[in-house]
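Listing of work-v9.txt; format and content: compact mmCIF, C-alpha atoms and all ligand atoms.
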```
# COMPACT_ATOMS: atom_id res chain seq x y z
CA MET N 1 0.00 0.00 0.00
CA GLY N 2 2.88 2.32 0.78
CA ALA N 3 4.30 2.08 -2.73
CA ALA N 4 0.99 2.54 -4.53
CA HIS N 5 0.65 5.36 -7.03
CA GLU N 6 -2.87 6.18 -5.81
CA GLY N 7 -3.68 7.63 -2.45
CA ILE N 8 -4.88 5.02 0.03
CA THR N 9 -6.54 5.96 3.31
CA ILE N 10 -8.25 4.05 6.09
CA SER N 11 -10.74 5.70 8.43
CA ASP N 12 -11.89 4.43 11.81
CA LEU N 13 -15.64 4.46 12.36
CA GLY N 14 -15.08 3.61 16.03
CA GLN N 15 -13.64 7.07 16.68
CA ASP N 16 -15.39 10.37 16.77
CA ASP N 17 -16.03 11.84 13.25
CA ASN N 18 -14.50 8.89 11.38
CA PRO N 19 -10.88 10.14 11.28
CA ILE N 20 -8.09 8.87 9.04
CA VAL N 21 -5.91 6.36 10.84
CA TYR N 22 -3.76 5.39 7.86
CA ALA N 23 -2.60 7.28 4.77
CA ASN N 24 0.09 6.17 2.33
CA ASP N 25 2.81 8.20 0.56
CA GLY N 26 0.63 8.29 -2.58
CA PHE N 27 -1.93 10.31 -0.59
CA ALA N 28 0.82 12.72 0.53
CA ARG N 29 2.08 13.12 -3.05
CA LEU N 30 -1.44 13.69 -4.35
CA THR N 31 -2.56 16.22 -1.76
CA GLY N 32 0.67 17.91 -0.67
CA TYR N 33 -0.23 17.19 2.97
CA GLY N 34 2.23 15.10 4.97
CA VAL N 35 0.87 11.78 6.27
CA ASP N 36 1.15 13.16 9.81
CA GLU N 37 -0.97 16.14 8.89
CA ALA N 38 -3.76 13.89 7.65
CA LEU N 39 -3.90 11.39 10.49
CA GLY N 40 -6.59 12.05 13.05
CA ARG N 41 -8.70 14.26 10.72
CA ASN N 42 -11.82 13.56 8.73
CA CYS N 43 -10.90 13.57 5.08
CA ARG N 44 -13.37 16.38 4.31
CA PHE N 45 -10.49 18.84 4.88
CA LEU N 46 -9.64 18.29 1.18
CA GLN N 47 -12.92 19.90 0.12
CA GLY N 48 -13.23 23.59 -0.74
CA PRO N 49 -15.36 26.36 -2.22
CA ASP N 50 -16.15 24.71 -5.59
CA THR N 51 -16.65 21.18 -4.30
CA ASP N 52 -20.06 19.92 -5.43
CA PRO N 53 -22.32 19.47 -2.36
CA ALA N 54 -24.12 16.64 -4.17
CA ALA N 55 -20.86 14.62 -4.31
CA VAL N 56 -20.30 15.24 -0.59
CA GLU N 57 -23.84 14.13 0.16
CA ARG N 58 -23.35 10.86 -1.73
CA LEU N 59 -20.25 10.17 0.38
CA ARG N 60 -22.10 11.07 3.58
CA ASN N 61 -24.95 8.68 2.75
CA ALA N 62 -22.55 5.88 1.80
CA VAL N 63 -20.65 6.21 5.08
CA ARG N 64 -23.89 6.38 7.07
CA GLN N 65 -25.29 3.28 5.39
CA GLY N 66 -22.01 1.36 5.32
CA GLU N 67 -21.97 1.10 1.51
CA ALA N 68 -19.30 1.35 -1.15
CA CYS N 69 -19.34 4.45 -3.34
CA THR N 70 -17.29 6.09 -6.08
CA VAL N 71 -17.47 9.81 -6.81
CA ASP N 72 -15.51 12.34 -8.87
CA ILE N 73 -15.03 15.18 -6.43
CA LEU N 74 -13.16 18.49 -6.66
CA ASN N 75 -10.54 18.63 -3.90
CA TYR N 76 -7.82 21.12 -2.98
CA ARG N 77 -4.14 20.47 -2.29
CA LYS N 78 -2.32 22.00 0.63
CA ASP N 79 -1.10 24.82 -1.64
CA GLY N 80 -4.73 25.60 -2.54
CA SER N 81 -4.60 24.26 -6.09
CA PRO N 82 -7.70 22.28 -7.11
CA PHE N 83 -7.63 18.73 -8.52
CA TRP N 84 -10.23 16.19 -9.56
CA ASN N 85 -10.24 13.22 -7.21
CA ARG N 86 -11.85 9.96 -8.27
CA LEU N 87 -12.58 8.64 -4.80
CA ALA N 88 -13.71 5.08 -4.12
CA ILE N 89 -14.64 4.20 -0.54
CA THR N 90 -15.35 0.64 0.61
CA PRO N 91 -16.66 -0.49 4.01
CA VAL N 92 -14.63 -2.98 6.07
CA ARG N 93 -16.33 -5.32 8.52
CA GLY N 94 -14.88 -7.15 11.48
CA ALA N 95 -15.15 -10.91 12.07
CA ASP N 96 -18.59 -10.46 13.64
CA GLY N 97 -19.87 -8.55 10.60
CA GLU N 98 -19.78 -5.22 12.36
CA LEU N 99 -18.76 -2.19 10.35
CA THR N 100 -15.41 -0.95 11.67
CA HIS N 101 -13.47 0.95 8.99
CA PHE N 102 -13.62 2.44 5.52
CA VAL N 103 -10.85 2.17 2.93
CA GLY N 104 -10.57 5.07 0.51
CA ILE N 105 -8.64 5.12 -2.79
CA GLN N 106 -7.89 8.52 -4.31
CA SER N 107 -6.82 8.96 -7.95
CA ASP N 108 -5.98 12.24 -9.66
CA ILE N 109 -8.16 12.38 -12.80
CA THR N 110 -7.68 16.12 -13.46
CA ALA N 111 -6.09 15.59 -16.88
CA ARG N 112 -8.86 13.21 -17.96
CA LYS N 113 -11.57 15.57 -16.64
CA ASN N 114 -10.04 18.52 -18.50
CA ALA N 115 -9.82 16.49 -21.70
CA GLU N 116 -13.46 15.41 -21.29
CA GLU N 117 -14.57 19.01 -20.79
CA LYS N 118 -12.60 20.15 -23.82
CA LEU N 119 -14.19 17.39 -25.87
CA ALA N 120 -17.66 18.28 -24.61
CA ARG N 121 -17.05 21.94 -25.52
CA ALA N 122 -15.81 20.92 -28.99
CA ASN N 123 -18.88 18.69 -29.39
CA ARG N 124 -21.21 21.51 -28.42
CA ARG N 125 -19.51 23.82 -30.91
CA MET N 126 -19.74 21.17 -33.62
CA SER N 127 -23.43 20.54 -32.93
CA GLN N 128 -24.15 24.25 -33.08
CA SER N 129 -22.28 24.57 -36.38
CA LEU N 130 -24.10 21.58 -37.86
CA GLU N 131 -27.43 22.95 -36.71
CA ALA N 132 -26.65 26.32 -38.31
CA ALA N 133 -25.52 24.59 -41.52
CA ALA N 134 -28.68 22.47 -41.55
CA ALA N 135 -30.76 25.65 -41.27
CA ILE N 136 -28.95 27.06 -44.31
CA GLN N 137 -29.62 23.85 -46.19
CA ARG N 138 -33.30 23.87 -45.24
CA SER N 139 -33.54 27.46 -46.45
CA LEU N 140 -32.66 26.21 -49.94
CA LEU N 141 -35.65 23.88 -50.07
CA PRO N 142 -38.70 25.09 -51.98
CA GLU N 143 -40.50 27.63 -49.85
CA SER N 144 -43.60 27.63 -51.95
CA MET N 145 -44.65 25.72 -55.01
CA PRO N 146 -45.22 27.37 -58.37
CA GLN N 147 -48.88 28.38 -58.29
CA VAL N 148 -50.28 27.24 -61.61
CA PRO N 149 -53.71 25.75 -62.24
CA GLU N 150 -52.31 22.95 -64.43
CA VAL N 151 -50.21 21.12 -61.86
CA GLU N 152 -49.70 20.62 -58.15
CA PHE N 153 -46.47 19.71 -56.36
CA ALA N 154 -45.55 18.20 -52.99
CA TRP N 155 -42.27 17.08 -51.48
CA ALA N 156 -40.61 15.48 -48.45
CA PHE N 157 -37.00 15.77 -47.33
CA ASP N 158 -35.42 13.68 -44.57
CA PRO N 159 -31.69 13.97 -43.96
CA CYS N 160 -30.30 10.93 -42.11
CA ASP N 161 -27.74 13.19 -40.37
CA GLU N 162 -28.03 16.90 -39.66
CA LEU N 163 -26.95 17.62 -43.22
CA ALA N 164 -28.06 15.94 -46.41
CA GLY N 165 -26.50 15.00 -49.70
CA ASP N 166 -29.96 15.19 -51.27
CA SER N 167 -31.47 18.30 -52.73
CA LEU N 168 -34.66 19.08 -54.60
CA ASP N 169 -36.51 22.02 -56.03
CA VAL N 170 -39.26 23.00 -58.43
CA PHE N 171 -39.39 26.39 -60.10
CA ARG N 172 -40.92 28.27 -62.94
CA ILE N 173 -38.81 29.00 -65.99
CA ASP N 174 -41.41 31.01 -67.89
CA ASP N 175 -45.18 31.09 -68.42
CA GLU N 176 -45.18 27.69 -70.09
CA HIS N 177 -42.37 25.76 -68.39
CA ILE N 178 -41.69 24.46 -64.93
CA ALA N 179 -38.40 22.78 -64.06
CA MET N 180 -37.91 20.28 -61.25
CA TYR N 181 -35.00 18.30 -59.98
CA VAL N 182 -34.11 15.76 -57.34
CA LEU N 183 -30.45 14.96 -56.81
CA ASP N 184 -28.44 12.75 -54.51
CA VAL N 185 -24.73 13.29 -53.90
CA VAL N 186 -22.96 10.00 -53.15
CA GLY N 187 -22.58 9.48 -49.40
CA HIS N 188 -24.13 11.77 -46.81
CA GLY N 189 -23.11 14.10 -44.00
CA VAL N 190 -20.95 17.22 -44.36
CA PRO N 191 -18.93 16.38 -47.52
CA ALA N 192 -22.02 15.39 -49.47
CA ALA N 193 -23.94 18.39 -48.12
CA LEU N 194 -21.29 20.85 -49.30
CA LEU N 195 -21.73 19.71 -52.88
CA SER N 196 -25.49 19.38 -52.57
CA VAL N 197 -25.81 22.98 -51.29
CA THR N 198 -23.57 24.23 -54.10
CA LEU N 199 -25.74 22.43 -56.63
CA ALA N 200 -28.93 23.80 -55.11
CA GLN N 201 -27.49 27.30 -55.36
CA ILE N 202 -26.59 26.83 -59.00
CA LEU N 203 -29.65 24.95 -60.13
CA SER N 204 -32.40 26.92 -58.55
CA PHE N 205 -32.58 29.33 -61.40
CA SER N 206 -35.62 31.21 -60.19
CA ARG N 207 -34.02 32.17 -56.91
CA ARG N 208 -30.79 33.42 -58.33
CA GLN N 209 -31.36 34.32 -61.91
CA SER N 210 -30.58 37.97 -61.31
CA SER N 211 -27.35 37.36 -59.42
CA LEU N 212 -25.77 34.85 -61.77
CA SER N 213 -24.16 35.88 -64.97
CA GLY N 214 -21.46 34.70 -67.29
CA LYS N 215 -21.12 32.36 -70.19
CA GLY N 216 -22.82 29.04 -69.83
CA SER N 217 -23.86 29.69 -66.25
CA PHE N 218 -27.22 28.46 -65.10
CA ALA N 219 -28.59 31.94 -65.45
CA ASP N 220 -28.79 31.00 -69.08
CA ARG N 221 -32.44 30.19 -69.60
CA ARG N 222 -31.75 27.85 -72.50
CA LEU N 223 -29.61 25.69 -70.25
CA VAL N 224 -32.21 25.51 -67.51
CA ALA N 225 -34.93 24.72 -70.02
CA SER N 226 -33.07 21.76 -71.52
CA PRO N 227 -32.60 18.73 -69.25
CA LYS N 228 -29.93 17.30 -71.56
CA ALA N 229 -27.96 20.56 -71.70
CA ALA N 230 -28.30 21.00 -67.94
CA ALA N 231 -26.97 17.50 -67.24
CA GLU N 232 -24.06 17.92 -69.64
CA ARG N 233 -23.14 21.31 -68.22
CA LEU N 234 -23.21 19.94 -64.67
CA ASN N 235 -21.02 17.08 -65.78
CA GLN N 236 -18.45 19.59 -67.07
CA LEU N 237 -18.65 21.70 -63.92
CA PHE N 238 -18.41 18.86 -61.41
CA PRO N 239 -16.13 16.10 -62.66
CA MET N 240 -15.31 13.53 -60.01
CA ASN N 241 -11.71 13.97 -58.90
CA GLU N 242 -9.28 11.93 -56.84
CA GLU N 243 -9.75 14.14 -53.79
CA SER N 244 -13.48 14.50 -53.57
CA ARG N 245 -14.50 11.19 -55.14
CA GLN N 246 -17.92 12.73 -55.39
CA TYR N 247 -20.57 12.33 -58.01
CA PHE N 248 -24.33 12.57 -57.92
CA THR N 249 -27.46 11.15 -59.43
CA LEU N 250 -29.92 13.60 -60.91
CA PHE N 251 -33.45 13.64 -62.16
CA TYR N 252 -34.00 16.87 -64.04
CA GLY N 253 -37.31 17.49 -65.77
CA VAL N 254 -39.00 20.33 -67.57
CA LEU N 255 -42.78 20.26 -67.81
CA HIS N 256 -44.41 22.05 -70.73
CA LEU N 257 -47.70 23.18 -69.26
CA PRO N 258 -49.84 23.57 -72.42
CA SER N 259 -49.00 20.08 -73.74
CA ARG N 260 -48.39 18.45 -70.31
CA GLN N 261 -45.28 16.89 -71.78
CA LEU N 262 -42.39 16.25 -69.42
CA ARG N 263 -38.88 16.17 -70.86
CA TYR N 264 -36.33 14.69 -68.53
CA VAL N 265 -32.90 13.28 -67.98
CA ALA N 266 -32.32 10.68 -65.27
CA ALA N 267 -28.58 10.51 -64.70
CA GLY N 268 -27.94 7.37 -62.66
CA HIS N 269 -31.13 8.17 -60.78
CA PRO N 270 -33.76 5.67 -59.59
CA ALA N 271 -36.75 5.38 -61.89
CA PRO N 272 -39.65 7.71 -61.06
CA VAL N 273 -43.05 6.13 -60.60
CA LEU N 274 -45.87 7.28 -62.86
CA LEU N 275 -49.36 6.74 -61.51
CA PRO N 276 -51.80 7.36 -64.36
CA ALA N 277 -55.23 8.62 -63.33
CA ASP N 278 -56.95 5.48 -64.56
CA ALA N 279 -54.33 2.74 -64.52
CA SER N 280 -51.84 1.09 -62.18
CA CYS N 281 -48.42 2.58 -61.72
CA ARG N 282 -45.29 1.98 -63.75
CA ASN N 283 -41.70 3.15 -63.68
CA LEU N 284 -40.47 5.69 -66.19
CA PRO N 285 -37.53 4.48 -68.27
CA VAL N 286 -34.21 5.82 -67.02
CA GLY N 287 -30.54 5.21 -67.74
CA GLY N 288 -27.21 6.94 -68.01
CA PHE N 289 -24.22 7.73 -65.87
CA PRO N 290 -24.45 9.71 -62.65
CA ILE N 291 -23.12 13.25 -63.06
CA GLY N 292 -19.36 13.55 -62.72
CA LEU N 293 -18.55 9.89 -63.20
CA ALA N 294 -17.71 9.86 -66.91
CA ARG N 295 -15.85 12.38 -69.05
CA GLN N 296 -18.28 12.91 -71.87
CA PRO N 297 -21.39 10.92 -71.23
CA GLN N 298 -24.30 11.14 -73.62
CA TYR N 299 -27.39 12.02 -71.67
CA GLU N 300 -30.51 10.78 -73.30
CA GLU N 301 -33.45 13.10 -73.04
CA ARG N 302 -36.77 11.29 -72.76
CA THR N 303 -40.30 12.53 -72.85
CA VAL N 304 -43.48 11.40 -71.21
CA ASP N 305 -46.94 12.75 -72.00
CA LEU N 306 -48.88 13.23 -68.84
CA GLY N 307 -52.65 13.19 -68.73
CA PRO N 308 -55.19 14.84 -66.48
CA GLY N 309 -55.08 13.36 -62.98
CA ASP N 310 -51.73 11.62 -63.55
CA ARG N 311 -49.26 11.65 -60.73
CA LEU N 312 -45.50 11.34 -60.87
CA TYR N 313 -43.28 10.47 -57.91
CA LEU N 314 -39.57 11.31 -57.99
CA TYR N 315 -37.36 10.19 -55.12
CA THR N 316 -33.81 9.37 -54.07
CA ASP N 317 -32.57 5.86 -53.37
CA GLY N 318 -32.75 6.52 -49.60
CA LEU N 319 -36.49 5.84 -49.99
CA ILE N 320 -36.33 2.39 -51.55
CA GLU N 321 -33.15 1.45 -49.68
CA ALA N 322 -34.61 2.24 -46.25
CA ALA N 323 -33.81 -1.03 -44.47
CA ASP N 324 -35.47 -2.81 -41.58
CA GLU N 325 -33.57 -4.45 -38.72
CA HIS N 326 -32.77 -7.52 -40.88
CA GLY N 327 -31.34 -5.34 -43.63
CA ASP N 328 -34.34 -5.95 -45.91
CA GLU N 329 -34.99 -2.92 -48.07
CA PHE N 330 -38.30 -1.12 -48.50
CA GLY N 331 -37.81 -1.70 -52.22
CA ALA N 332 -39.31 -0.47 -55.48
CA LYS N 333 -42.15 -3.01 -55.44
CA GLN N 334 -43.41 -1.92 -52.05
CA LEU N 335 -43.04 1.70 -53.10
CA GLY N 336 -45.31 1.05 -56.07
CA GLU N 337 -47.88 -0.64 -53.84
CA GLU N 338 -47.71 2.19 -51.37
CA ILE N 339 -48.19 4.80 -54.10
CA GLN N 340 -51.27 2.95 -55.35
CA ARG N 341 -52.64 2.41 -51.87
CA ASN N 342 -52.56 6.16 -51.23
CA ARG N 343 -53.91 7.23 -54.61
CA ASP N 344 -57.15 8.55 -53.14
CA LEU N 345 -55.37 10.85 -50.73
CA PRO N 346 -54.57 14.40 -51.75
CA LEU N 347 -51.07 14.60 -53.28
CA ALA N 348 -49.30 16.10 -50.25
CA ALA N 349 -50.95 13.59 -47.90
CA SER N 350 -49.88 10.72 -50.17
CA VAL N 351 -46.26 11.93 -50.02
CA GLU N 352 -46.46 12.14 -46.24
CA ALA N 353 -47.96 8.65 -46.04
CA ILE N 354 -45.25 7.13 -48.26
CA GLU N 355 -42.53 8.88 -46.27
CA ALA N 356 -44.03 7.66 -42.99
CA THR N 357 -44.35 4.07 -44.22
CA ALA N 358 -40.71 3.97 -45.41
CA LYS N 359 -39.48 5.48 -42.16
CA GLY N 360 -41.65 3.07 -40.21
CA TRP N 361 -40.13 0.21 -42.23
CA ALA N 362 -36.67 1.40 -41.18
CA GLU N 363 -37.95 2.03 -37.63
CA GLY N 364 -36.83 5.63 -37.91
CA GLN N 365 -33.21 4.58 -38.54
CA LEU N 366 -32.44 5.98 -41.97
CA HIS N 367 -28.95 5.20 -43.27
CA ASP N 368 -29.24 7.52 -46.23
CA ASP N 369 -31.08 10.75 -46.95
CA LEU N 370 -34.62 10.29 -48.17
CA SER N 371 -36.34 12.70 -50.56
CA ILE N 372 -39.59 12.58 -52.46
CA MET N 373 -41.05 15.03 -54.94
CA ALA N 374 -44.43 14.42 -56.48
CA LEU N 375 -46.61 16.20 -59.00
CA GLU N 376 -50.19 15.83 -60.09
CA ILE N 377 -51.66 17.12 -63.34
CA ALA N 378 -55.01 18.83 -62.83
CA ARG N 379 -58.09 16.97 -63.98
CA LEU N 380 -59.93 18.58 -66.85
CA GLY N 381 -62.25 21.28 -65.64
CA GLN N 382 -61.08 20.76 -62.06
CA GLY N 383 -58.14 21.73 -59.89
CA PRO N 384 -55.60 19.08 -58.95
CA GLY N 385 -56.36 16.81 -56.03
CA SER N 386 -59.93 15.86 -57.04
CA PRO N 387 -61.26 12.39 -56.22
CA ARG N 388 -59.60 9.63 -58.18
CA PRO N 389 -60.96 6.45 -59.73
CA ALA N 390 -60.80 3.14 -57.90
CA PRO N 391 -57.26 1.76 -57.65
CA ALA N 392 -56.15 -1.05 -59.91
CA GLY N 393 -53.62 -3.77 -58.97
CA VAL N 394 -49.88 -3.25 -59.29
CA ASP N 395 -48.50 -4.07 -62.73
CA GLU N 396 -46.48 -7.25 -62.59
CA ASP N 397 -43.97 -5.95 -65.13
CA ARG N 398 -43.05 -2.83 -63.16
C1 LIG M 401 -11.86 6.30 3.88
C2 LIG M 401 -12.45 7.63 3.44
C3 LIG M 401 -11.71 8.45 2.60
C4 LIG M 401 -12.20 9.66 2.15
N1 LIG M 401 -11.46 10.45 1.32
C5 LIG M 401 -11.95 11.63 0.90
C6 LIG M 401 -11.21 12.44 -0.01
O1 LIG M 401 -10.11 12.10 -0.42
N2 LIG M 401 -11.76 13.60 -0.41
C7 LIG M 401 -12.99 14.02 0.01
O2 LIG M 401 -13.44 15.09 -0.41
N3 LIG M 401 -13.73 13.27 0.86
C8 LIG M 401 -13.23 12.10 1.32
N4 LIG M 401 -13.99 11.31 2.16
C9 LIG M 401 -15.34 11.73 2.52
C10 LIG M 401 -15.40 12.56 3.78
O3 LIG M 401 -14.56 12.04 4.76
C11 LIG M 401 -16.82 12.62 4.31
O4 LIG M 401 -17.29 11.30 4.47
C12 LIG M 401 -17.73 13.39 3.39
O5 LIG M 401 -17.30 14.72 3.35
C13 LIG M 401 -19.20 13.35 3.78
O6 LIG M 401 -19.35 13.61 5.13
P1 LIG M 401 -19.65 15.07 5.77
O7 LIG M 401 -20.90 15.59 5.16
O8 LIG M 401 -19.74 14.81 7.23
O9 LIG M 401 -18.48 15.92 5.42
C14 LIG M 401 -13.48 10.09 2.59
C15 LIG M 401 -14.23 9.26 3.42
C16 LIG M 401 -13.74 8.03 3.83
C17 LIG M 401 -14.55 7.17 4.73
```

Go ahead and express the file in the form of structure tokens.
Amino acid sequence: MGAAHEGITISDLGQDDNPIVYANDGFARLTGYGVDEALGRNCRFLQGPDTDPAAVERLRNAVRQGEACTVDILNYRKDGSPFWNRLAITPVRGADGELTHFVGIQSDITARKNAEEKLARANRRMSQSLEAAAAIQRSLLPESMPQVPEVEFAWAFDPCDELAGDSLDVFRIDDEHIAMYVLDVVGHGVPAALLSVTLAQILSFSRRQSSLSGKGSFADRRLVASPKAAAERLNQLFPMNEESRQYFTLFYGVLHLPSRQLRYVAAGHPAPVLLPADASCRNLPVGGFPIGLARQPQYEERTVDLGPGDRLYLYTDGLIEAADEHGDEFGAKQLGEEIQRNRDLPLAASVEAIEATAKGWAEGQLHDDLSIMALEIARLGQGPGSPRPAPAGVDEDR
């Protein structure tokens, strides 16, 4: 005991005020008090102005009840300097079971405590920064939908961390065209979010058209209005490099309101689900490299003619890859069923229901960001969101 690095003390419960009857050299080194100065005193003399009364109370109760107890308590050395003492006290019983002494072991954990506090401060700072960054990212989401009688939009956005690699928006290009995109930067968290925020800034033409200028920038209306040109330009601007190793999938569509024709490019992006007003749902054809992955990819522009009452659901793979506790994914088939099941709900409610079902499937534990954007073409002579015909079964060849 004499050679131990820690302080070791023994107190005698048989004497008045439970004084120390043994202290080792470790105790003297730790506290700066000589062993002789400690003997005969209750060990509370190490406590001082900033000692937590709750820690003292725990010790008092343990001694009173004859129980073992460990506390981290602020103590003071003989020279007045404070130190963190991890104190463990253990009752000692005589042969007849009667409580006679307590053994105390004192360890200096000041360095560890300081490191913990520094870490906690750094964590708080980091959380605050992430929260602020998340607010910036949320501010880039569509505030309001284009108000046009021909079509209605709804969306959902669920980052799996504070920050997302997903982004989405819908905006008006001119009186006849509305552009929409959903994108997913590979990975998630801060690195993916940096690129996703940059892309949102560039792509959301309506928000920034006055501030952007320059050749081939996205202020150029022709670029925004052409999904193929937009995808190719983004591919030039954001090539994957050795450092970032980042690329992204993109669905970019432009809806021509008078003809209800949607032109789109799906660059490595999961296939959107089309729910016709009077038929079961099917996936739109997609194909092509994600943006940034290949040098000069050819992006195929496709078109789909939408009819009154038709709905289209765009999403990122976080939706269909939401996995339950066994690792089974929500999957495209279930998504199709879910879309059909909710076809009688108003568009926004159907998006909420699909989002809730996928999150429920994953028991709230998303491992990737999840985004959904949906649109509904107005029924003839009615606004969007009118009652829909009875649902049909899911197509087997989806
Ligand atoms: C063996 C033993 C060692 C102790 N060592 C310390 C110590 O190093 N530092 C300290 O603040 N309290 C120590 N205490 C706790 C105090 O002696 C005392 O029990 C505590 O302050 C609660 O009682 P009180 O409210 O009467 O002061 C020790 C107690 C025992 C039994």

Compile a residue-level contact table for stretch 164-263 of chain N against stretch 125-143 of chain N at a cut-off of 7 Å, reporting for every qualifying residue the shortest atom pair and its distance in Å to one decimal, with all atoms listed in the file counted, rows ordered by chain and ascending number, as a Markdown table.
```
| residue | atom | partner | partner_atom | distance |
| --- | --- | --- | --- | --- |
| N:Leu168 | CA | N:Leu141 | CA | 6.7 |
| N:Asp169 | CA | N:Pro142 | CA | 5.5 |
| N:Val170 | CA | N:Pro142 | CA | 6.8 |
| N:Val197 | CA | N:Gln137 | CA | 6.4 |
| N:Ala200 | CA | N:Leu140 | CA | 6.8 |
```

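Minimum atom-to-atom distances from N:Thr249, N:Thr51, N:Thr303, N:Thr316 to ligand LIG 401 (chain M) were compared using all atoms listed in the file, and the lowest value belongs to N:Thr51.
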
Find the residues of chain N that sit at most 9 Å from ligand LIG 401 (chain M); for each, write down the nearest two atoms and how far apart they are in Å, to one decimal. Count only C-alpha atoms and all ligand atoms. Sort by chain, then by number going up, and give it as a tab-separated table.
```
residue	atom	partner	partner_atom	distance
N:Gly7	CA	M:LIG401	O1	8.1
N:Ile8	CA	M:LIG401	C3	8.1
N:Thr9	CA	M:LIG401	C1	5.4
N:Ile10	CA	M:LIG401	C1	4.8
N:Ser11	CA	M:LIG401	C1	4.7
N:Asp12	CA	M:LIG401	C17	8.0
N:Leu13	CA	M:LIG401	C17	8.2
N:Asp17	CA	M:LIG401	O8	7.7
N:Asn18	CA	M:LIG401	C17	6.9
N:Pro19	CA	M:LIG401	O3	7.7
N:Ile20	CA	M:LIG401	C1	6.9
N:Phe27	CA	M:LIG401	O1	8.4
N:Thr31	CA	M:LIG401	O1	8.7
N:Arg41	CA	M:LIG401	O3	8.6
N:Asn42	CA	M:LIG401	O3	5.1
N:Cys43	CA	M:LIG401	O3	4.0
N:Arg44	CA	M:LIG401	C10	4.4
N:Phe45	CA	M:LIG401	O2	7.1
N:Leu46	CA	M:LIG401	O2	5.2
N:Gln47	CA	M:LIG401	O2	4.9
N:Gly48	CA	M:LIG401	O2	8.5
N:Thr51	CA	M:LIG401	O2	7.9
N:Pro53	CA	M:LIG401	O7	8.6
N:Ala55	CA	M:LIG401	C13	8.4
N:Val56	CA	M:LIG401	C13	4.9
N:Glu57	CA	M:LIG401	C13	5.9
N:Arg58	CA	M:LIG401	C13	7.3
N:Leu59	CA	M:LIG401	C13	4.8
N:Arg60	CA	M:LIG401	C13	3.7
N:Asn61	CA	M:LIG401	C13	7.5
N:Ala62	CA	M:LIG401	O4	8.0
N:Val63	CA	M:LIG401	O4	6.1
N:Arg64	CA	M:LIG401	O4	8.6
N:Ile73	CA	M:LIG401	O2	6.2
N:Leu74	CA	M:LIG401	O2	7.1
N:Asn75	CA	M:LIG401	O2	5.8
N:Tyr76	CA	M:LIG401	O2	8.6
N:Asn85	CA	M:LIG401	O1	6.9
N:Arg86	CA	M:LIG401	O1	8.3
N:Leu87	CA	M:LIG401	O1	6.1
N:Ala88	CA	M:LIG401	C3	7.8
N:Ile89	CA	M:LIG401	C1	5.6
N:Thr90	CA	M:LIG401	C1	7.4
N:Pro91	CA	M:LIG401	C17	8.0
N:His101	CA	M:LIG401	C1	7.6
N:Phe102	CA	M:LIG401	C1	4.5
N:Val103	CA	M:LIG401	C1	4.4
N:Gly104	CA	M:LIG401	C1	3.8
N:Ile105	CA	M:LIG401	C3	7.0
N:Gln106	CA	M:LIG401	O1	5.7
N:Ser107	CA	M:LIG401	O1	8.8
```

- Query: Taking only C-alpha atoms into account, which of N:Tyr247, N:Tyr313, N:Phe289, N:Tyr33 comes nearest N:Ala266?
  - Reply: N:Phe289

- Query: With all atoms listed in the file as the atoms that count, which of N:Ala332, N:Leu370, N:Leu250, N:Ala323 lies nearest to N:Glu232?
  - Reply: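 Of the candidates, the smallest distance to N:Glu232 is held by N:Leu250.
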
- What does the distance from atom CA of N:Trp361 to atom CA of N:Glu338 come to in Å, to one decimal?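 That distance, rounded to one decimal, is 12.0 Å.
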
- Quote the spacing between atom CA of N:Ile320 and atom CA of N:Ala378 in Å to one decimal place.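 Distance reported for this atom pair: 27.3 Å.
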
- Take the point (-45.0, 13.5, -52.0) as written in the file and pick out every residue within 10 Å of it, counting all atoms listed in the file; give the list as a PyMOL selection string. chain N and resi 153-157+311-315+339+346-355+371-376

- Message: Just checking: using only C-alpha atoms, which residue out of N:Leu380, N:Leu183, N:Leu255, N:Ala267 ends up closest to N:Pro297?
- Response: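 Using only C-alpha atoms, N:Pro297 sits closest to N:Ala267.
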
- Query: atom CA of N:Glu300 to atom CA of N:Gln201: how many Å, to one decimal?
  - Reply: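 Between atom CA of N:Glu300 and atom CA of N:Gln201 the gap is 24.6 Å.
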
- Query: Which neighbours of N:Asp25 fall inside 9 Å, counting all atoms listed in the file, when residues of the same chain fewer than 2 positions from it are skipped, and could you give them as a list in words?
  - Reply: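 Returned residues: Met1, Gly2, Ala3, Ala4, His5, Glu6, Gly7, Ile8, Ala23, Phe27, Ala28, Arg29, Leu30, Gly34 and Val35 of chain N.
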
Take the residues just selected and output them with C-alpha atoms as an mmCIF file, in the frame of the given file.
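Everything below was put into part_5.cif:
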```cif
data_model
loop_
_atom_site.group_PDB
_atom_site.id
_atom_site.type_symbol
_atom_site.label_atom_id
_atom_site.label_comp_id
_atom_site.auth_asym_id
_atom_site.auth_seq_id
_atom_site.Cartn_x
_atom_site.Cartn_y
_atom_site.Cartn_z
ATOM 1 C CA MET N 1 0.000 0.000 0.000
ATOM 2 C CA GLY N 2 2.880 2.320 0.780
ATOM 3 C CA ALA N 3 4.300 2.080 -2.730
ATOM 4 C CA ALA N 4 0.990 2.540 -4.530
ATOM 5 C CA HIS N 5 0.650 5.360 -7.030
ATOM 6 C CA GLU N 6 -2.870 6.180 -5.810
ATOM 7 C CA GLY N 7 -3.680 7.630 -2.450
ATOM 8 C CA ILE N 8 -4.880 5.020 0.030
ATOM 9 C CA ALA N 23 -2.600 7.280 4.770
ATOM 10 C CA PHE N 27 -1.930 10.310 -0.590
ATOM 11 C CA ALA N 28 0.820 12.720 0.530
ATOM 12 C CA ARG N 29 2.080 13.120 -3.050
ATOM 13 C CA LEU N 30 -1.440 13.690 -4.350
ATOM 14 C CA GLY N 34 2.230 15.100 4.970
ATOM 15 C CA VAL N 35 0.870 11.780 6.270
#
```
